[in-house]
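S.K.: Provided below: start39.cif, containing mmCIF, C-alpha atoms, pLDDT in the B column; chains and numbers go by the auth columns.
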```
data_coords
#
loop_
_atom_site.group_PDB
_atom_site.id
_atom_site.type_symbol
_atom_site.label_atom_id
_atom_site.label_comp_id
_atom_site.label_asym_id
_atom_site.label_seq_id
_atom_site.Cartn_x
_atom_site.Cartn_y
_atom_site.Cartn_z
_atom_site.B_iso_or_equiv
_atom_site.auth_seq_id
_atom_site.auth_asym_id
ATOM 1 C CA ARG A 1 65.426 17.475 19.186 47.00 1 A
ATOM 2 C CA PHE A 2 68.132 19.965 20.198 42.00 2 A
ATOM 3 C CA MET A 3 67.710 21.576 23.605 44.00 3 A
ATOM 4 C CA PRO A 4 69.657 24.672 24.769 44.00 4 A
ATOM 5 C CA GLN A 5 71.017 22.794 27.804 46.00 5 A
ATOM 6 C CA ASP A 6 72.603 20.313 25.369 50.00 6 A
ATOM 7 C CA PHE A 7 74.705 23.061 23.829 48.00 7 A
ATOM 8 C CA HIS A 8 78.244 22.719 25.174 52.00 8 A
ATOM 9 C CA GLY A 9 80.431 23.889 22.319 51.00 9 A
ATOM 10 C CA GLY A 10 81.750 20.456 21.439 54.00 10 A
ATOM 11 C CA GLN A 11 79.357 19.881 18.565 63.00 11 A
ATOM 12 C CA PRO A 12 81.342 18.887 15.456 68.00 12 A
ATOM 13 C CA GLU A 13 79.743 21.626 13.339 71.00 13 A
ATOM 14 C CA LEU A 14 80.806 24.340 15.763 70.00 14 A
ATOM 15 C CA VAL A 15 84.321 22.957 16.149 70.00 15 A
ATOM 16 C CA ASP A 16 84.598 22.728 12.358 75.00 16 A
ATOM 17 C CA TYR A 17 83.438 26.322 11.981 75.00 17 A
ATOM 18 C CA PHE A 18 86.009 27.672 14.440 74.00 18 A
ATOM 19 C CA THR A 19 88.773 25.475 13.053 73.00 19 A
ATOM 20 C CA ASN A 20 88.108 25.673 9.316 71.00 20 A
ATOM 21 C CA VAL A 21 86.672 29.161 9.025 74.00 21 A
ATOM 22 C CA VAL A 22 87.796 31.355 11.912 75.00 22 A
ATOM 23 C CA LEU A 23 91.288 29.960 12.581 80.00 23 A
ATOM 24 C CA ALA A 24 92.148 28.904 9.034 80.00 24 A
ATOM 25 C CA GLU A 25 91.564 32.391 7.672 82.00 25 A
ATOM 26 C CA LEU A 26 93.816 34.116 10.191 84.00 26 A
ATOM 27 C CA PRO A 27 97.442 34.975 9.521 88.00 27 A
ATOM 28 C CA ALA A 28 99.791 32.504 11.232 89.00 28 A
ATOM 29 C CA ASP A 29 100.992 35.026 13.826 90.00 29 A
ATOM 30 C CA GLU A 30 97.435 35.883 14.910 89.00 30 A
ATOM 31 C CA ARG A 31 96.486 32.206 15.059 89.00 31 A
ATOM 32 C CA ASP A 32 99.566 31.460 17.185 93.00 32 A
ATOM 33 C CA PHE A 33 98.677 34.343 19.498 94.00 33 A
ATOM 34 C CA LEU A 34 95.136 33.028 19.942 93.00 34 A
ATOM 35 C CA LEU A 35 96.395 29.519 20.672 94.00 35 A
ATOM 36 C CA ALA A 36 99.030 30.677 23.161 96.00 36 A
ATOM 37 C CA THR A 37 96.725 32.955 25.132 97.00 37 A
ATOM 38 C CA ALA A 38 93.870 30.444 25.273 96.00 38 A
ATOM 39 C CA ILE A 39 95.467 28.943 28.397 97.00 39 A
ATOM 40 C CA PHE A 40 94.133 31.938 30.369 97.00 40 A
ATOM 41 C CA ASP A 41 90.597 32.601 31.517 94.00 41 A
ATOM 42 C CA ARG A 42 91.478 36.294 31.401 95.00 42 A
ATOM 43 C CA PHE A 43 94.585 38.147 30.345 97.00 43 A
ATOM 44 C CA ASP A 44 96.170 41.506 29.689 96.00 44 A
ATOM 45 C CA ALA A 45 99.024 42.548 27.411 97.00 45 A
ATOM 46 C CA ALA A 46 101.691 42.054 30.102 96.00 46 A
ATOM 47 C CA LEU A 47 100.568 38.492 30.779 97.00 47 A
ATOM 48 C CA CYS A 48 100.484 37.712 27.058 97.00 48 A
ATOM 49 C CA ALA A 49 103.944 39.221 26.583 97.00 49 A
ATOM 50 C CA ALA A 50 105.337 36.856 29.240 97.00 50 A
ATOM 51 C CA LEU A 51 104.624 33.881 26.985 97.00 51 A
ATOM 52 C CA PRO A 52 107.346 32.434 24.756 96.00 52 A
ATOM 53 C CA GLY A 53 106.867 33.310 21.098 92.00 53 A
ATOM 54 C CA VAL A 54 104.400 36.122 21.781 95.00 54 A
ATOM 55 C CA THR A 55 105.420 39.498 20.413 92.00 55 A
ATOM 56 C CA GLN A 56 103.601 42.817 20.166 94.00 56 A
ATOM 57 C CA ALA A 57 100.965 41.678 22.657 96.00 57 A
ATOM 58 C CA SER A 58 99.294 45.087 23.012 95.00 58 A
ATOM 59 C CA ALA A 59 99.006 45.567 19.268 94.00 59 A
ATOM 60 C CA ARG A 60 97.696 42.031 18.777 93.00 60 A
ATOM 61 C CA LEU A 61 95.035 42.502 21.438 93.00 61 A
ATOM 62 C CA GLU A 62 93.961 45.785 19.876 91.00 62 A
ATOM 63 C CA GLY A 63 93.846 44.176 16.435 89.00 63 A
ATOM 64 C CA LEU A 64 91.757 41.244 17.624 87.00 64 A
ATOM 65 C CA LEU A 65 89.417 43.547 19.505 86.00 65 A
ATOM 66 C CA HIS A 66 89.041 45.713 16.397 87.00 66 A
ATOM 67 C CA LYS A 67 88.287 42.634 14.257 82.00 67 A
ATOM 68 C CA GLY A 68 85.668 41.474 16.758 78.00 68 A
ATOM 69 C CA LEU A 69 87.223 38.003 17.044 67.00 69 A
ATOM 70 C CA PHE A 70 85.404 36.800 20.132 75.00 70 A
ATOM 71 C CA LEU A 71 87.598 38.900 22.419 87.00 71 A
ATOM 72 C CA GLN A 72 85.631 40.420 25.254 90.00 72 A
ATOM 73 C CA PRO A 73 86.776 43.078 27.738 91.00 73 A
ATOM 74 C CA VAL A 74 86.589 41.912 31.347 94.00 74 A
ATOM 75 C CA GLU A 75 84.165 44.058 33.262 93.00 75 A
ATOM 76 C CA ASP A 76 85.763 46.172 36.007 92.00 76 A
ATOM 77 C CA LEU A 77 89.302 45.279 34.836 94.00 77 A
ATOM 78 C CA PRO A 78 90.433 47.829 32.256 94.00 78 A
ATOM 79 C CA GLY A 79 92.942 46.362 29.808 93.00 79 A
ATOM 80 C CA TRP A 80 91.958 42.771 30.606 96.00 80 A
ATOM 81 C CA PHE A 81 90.234 40.465 28.147 95.00 81 A
ATOM 82 C CA ARG A 82 88.840 36.985 27.751 95.00 82 A
ATOM 83 C CA TYR A 83 87.749 34.837 24.836 91.00 83 A
ATOM 84 C CA HIS A 84 84.261 33.674 24.212 84.00 84 A
ATOM 85 C CA PRO A 85 84.124 30.336 26.089 85.00 85 A
ATOM 86 C CA LEU A 86 83.308 28.359 22.947 81.00 86 A
ATOM 87 C CA LEU A 87 86.293 29.751 21.084 84.00 87 A
ATOM 88 C CA GLN A 88 88.552 29.265 24.105 90.00 88 A
ATOM 89 C CA ARG A 89 87.616 25.603 24.296 88.00 89 A
ATOM 90 C CA VAL A 90 88.364 25.048 20.618 87.00 90 A
ATOM 91 C CA LEU A 91 91.671 26.929 20.927 91.00 91 A
ATOM 92 C CA GLN A 92 92.721 24.903 23.960 93.00 92 A
ATOM 93 C CA ASP A 93 91.879 21.650 22.184 90.00 93 A
ATOM 94 C CA ARG A 94 93.819 22.742 19.075 89.00 94 A
ATOM 95 C CA LEU A 95 96.836 23.737 21.153 93.00 95 A
ATOM 96 C CA ALA A 96 96.863 20.440 23.065 94.00 96 A
ATOM 97 C CA GLN A 97 96.468 18.387 19.889 91.00 97 A
ATOM 98 C CA GLU A 98 98.861 20.277 17.644 90.00 98 A
ATOM 99 C CA THR A 99 101.672 21.239 20.026 92.00 99 A
ATOM 100 C CA PRO A 100 101.491 19.606 23.458 92.00 100 A
ATOM 101 C CA ASP A 101 105.136 20.512 24.148 92.00 101 A
ATOM 102 C CA ARG A 102 104.332 24.181 23.491 95.00 102 A
ATOM 103 C CA LEU A 103 101.383 23.920 25.852 95.00 103 A
ATOM 104 C CA ALA A 104 103.710 22.823 28.649 95.00 104 A
ATOM 105 C CA ARG A 105 106.145 25.687 27.924 96.00 105 A
ATOM 106 C CA LEU A 106 103.303 28.225 27.922 97.00 106 A
ATOM 107 C CA HIS A 107 102.052 27.042 31.302 97.00 107 A
ATOM 108 C CA LEU A 108 105.584 27.183 32.753 97.00 108 A
ATOM 109 C CA ALA A 109 106.085 30.730 31.489 97.00 109 A
ATOM 110 C CA ALA A 110 102.710 31.720 32.944 97.00 110 A
ATOM 111 C CA ALA A 111 103.607 30.112 36.277 97.00 111 A
ATOM 112 C CA ARG A 112 106.874 32.050 36.487 96.00 112 A
ATOM 113 C CA HIS A 113 105.138 35.296 35.523 97.00 113 A
ATOM 114 C CA PHE A 114 102.513 34.854 38.244 97.00 114 A
ATOM 115 C CA MET A 115 105.207 34.084 40.835 96.00 115 A
ATOM 116 C CA ARG A 116 106.937 37.374 39.967 95.00 116 A
ATOM 117 C CA LEU A 117 103.585 39.088 40.590 95.00 117 A
ATOM 118 C CA CYS A 118 103.224 37.252 43.941 94.00 118 A
ATOM 119 C CA ASP A 119 100.094 35.496 42.662 96.00 119 A
ATOM 120 C CA GLU A 120 101.119 32.118 44.010 96.00 120 A
ATOM 121 C CA GLU A 121 97.807 30.354 43.444 95.00 121 A
ATOM 122 C CA SER A 122 97.756 31.210 39.732 96.00 122 A
ATOM 123 C CA ALA A 123 101.425 30.291 39.483 97.00 123 A
ATOM 124 C CA LEU A 124 100.832 26.889 41.041 96.00 124 A
ATOM 125 C CA PHE A 125 97.777 26.276 38.858 96.00 125 A
ATOM 126 C CA HIS A 126 99.856 26.816 35.709 97.00 126 A
ATOM 127 C CA ALA A 127 102.828 24.885 37.099 96.00 127 A
ATOM 128 C CA ARG A 128 100.575 21.870 37.662 94.00 128 A
ATOM 129 C CA ARG A 129 99.171 22.225 34.151 95.00 129 A
ATOM 130 C CA SER A 130 102.684 22.241 32.709 95.00 130 A
ATOM 131 C CA GLY A 131 103.240 18.665 33.816 93.00 131 A
ATOM 132 C CA ASP A 132 106.701 19.579 35.127 93.00 132 A
ATOM 133 C CA GLY A 133 106.640 18.084 38.619 92.00 133 A
ATOM 134 C CA THR A 134 110.025 19.483 39.574 93.00 134 A
ATOM 135 C CA GLU A 135 109.099 23.043 38.592 94.00 135 A
ATOM 136 C CA HIS A 136 105.769 22.703 40.384 95.00 136 A
ATOM 137 C CA LEU A 137 107.482 21.583 43.599 94.00 137 A
ATOM 138 C CA ASP A 138 110.053 24.382 43.352 95.00 138 A
ATOM 139 C CA LEU A 139 107.311 26.983 42.957 95.00 139 A
ATOM 140 C CA LEU A 140 105.280 25.340 45.715 95.00 140 A
ATOM 141 C CA ARG A 141 108.276 25.547 48.044 94.00 141 A
ATOM 142 C CA SER A 142 108.696 29.260 47.273 95.00 142 A
ATOM 143 C CA ALA A 143 104.977 29.915 47.684 96.00 143 A
ATOM 144 C CA CYS A 144 104.876 28.084 51.012 95.00 144 A
ATOM 145 C CA GLU A 145 107.840 30.103 52.272 95.00 145 A
ATOM 146 C CA ARG A 146 106.022 33.353 51.384 94.00 146 A
ATOM 147 C CA TRP A 147 102.756 32.150 52.883 95.00 147 A
ATOM 148 C CA LEU A 148 104.454 30.995 56.071 94.00 148 A
ATOM 149 C CA LYS A 149 105.898 34.492 56.568 95.00 149 A
ATOM 150 C CA GLN A 150 102.399 35.890 56.024 95.00 150 A
ATOM 151 C CA SER A 151 100.750 33.318 58.332 94.00 151 A
ATOM 152 C CA LYS A 152 98.617 31.985 55.468 94.00 152 A
ATOM 153 C CA LEU A 153 98.477 28.458 56.791 91.00 153 A
ATOM 154 C CA MET A 154 95.218 27.558 55.034 93.00 154 A
ATOM 155 C CA ALA A 155 96.757 28.413 51.654 93.00 155 A
ATOM 156 C CA ILE A 156 99.670 26.100 52.458 92.00 156 A
ATOM 157 C CA LEU A 157 97.415 23.254 53.550 92.00 157 A
ATOM 158 C CA LYS A 158 95.212 23.661 50.486 92.00 158 A
ATOM 159 C CA GLN A 159 98.187 23.416 48.124 92.00 159 A
ATOM 160 C CA LEU A 160 99.804 20.517 49.988 90.00 160 A
ATOM 161 C CA ASP A 161 96.611 18.454 49.890 89.00 161 A
ATOM 162 C CA GLY A 162 97.152 15.575 47.501 83.00 162 A
ATOM 163 C CA ILE A 163 100.945 15.918 47.387 86.00 163 A
ATOM 164 C CA PRO A 164 102.632 12.645 48.439 86.00 164 A
ATOM 165 C CA ALA A 165 104.175 12.831 51.904 84.00 165 A
ATOM 166 C CA GLU A 166 107.671 12.023 50.622 85.00 166 A
ATOM 167 C CA GLN A 167 107.532 15.111 48.377 82.00 167 A
ATOM 168 C CA VAL A 168 106.284 17.324 51.181 77.00 168 A
#
```
Using structure tokens, write down the structure that the file contains.
M.R.:
Amino acid sequence: RFMPQDFHGGQPELVDYFTNVVLAELPADERDFLLATAIFDRFDAALCAALPGVTQASARLEGLLHKGLFLQPVEDLPGWFRYHPLLQRVLQDRLAQETPDRLARLHLAAARHFMRLCDEESALFHARRSGDGTEHLDLLRSACERWLKQSKLMAILKQLDGIPAEQV
């Protein structure tokens, strides 16, 4: 017997529906946009435009919103969106399976974008996800320098936790 608490979005029927119906029927550029932006829990056009291979981010967001493709406005953040969690999970799985090297490049681009915005925590999150240890340490060094000037010692300690002493 199926219980609501058992519903997690990983059921084969649901994954098949998203993959074989929703994604398969989209034009390649829209599908690529969905895959690329699935790395974010929430996003706006500027964040999407910072990703390699993403063009016309504003128009794509408007088009997806108009089509009703599981894109939801984020409450209290005009111009920001998120995907339905079930679709986001399927998109993230597809991206990791189909193009893991692209996934790494997307996370690096996101990390650099967030550093330009002085959102160090988001930048470091994406740098870690990229798998590029050197880039992560470079961004961590920059973030720690900013935080030190701002006396944000707890932020530094939080980010350094788990980093091997020789790297620190």
S.K.: With the file shown as input, list the residues that the PyMOL selection byres ((chain A and resi 40-48) around 12) selects, as a VMD selection string.
M.R.: chain A and resid 32 to 39 49 to 62 71 to 75 77 to 85 87 to 89 91 to 92 103 106 to 107 109 to 117 122 to 123 125 to 126 129
S.K.: Could you state which residues are captured by the PyMOL selection byres ((chain A and resi 22) around 12) in this file, as a list in words?
M.R.: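 Checked against the file, the PyMOL selection byres ((chain A and resi 22) around 12) matches Leu14, Val15, Asp16, Tyr17, Phe18, Thr19, Asn20, Val21, Leu23, Ala24, Glu25, Leu26, Pro27, Glu30, Arg31, Leu34, Lys67, Gly68, Leu69, Phe70, Leu87, Val90 and Leu91 of chain A.
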S.K.: Could you state the separation of atom CA of A:Leu140 and atom CA of A:Leu160 in Å, given to one decimal place?
M.R.: 8.5 Å
S.K.: Report, in Å to a single decimal, how far apart atom CA of A:Ala127 and atom CA of A:Leu65 are.
M.R.: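 Computing the Euclidean distance for atom CA of A:Leu65 and atom CA of A:Ala127 yields 28.9 Å.
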S.K.: Find the distance between atom CA of A:Gly162 and atom CA of A:Gln97 and write it in Å to one decimal.
M.R.: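 Atom CA of A:Gly162 sits 27.8 Å away from atom CA of A:Gln97.
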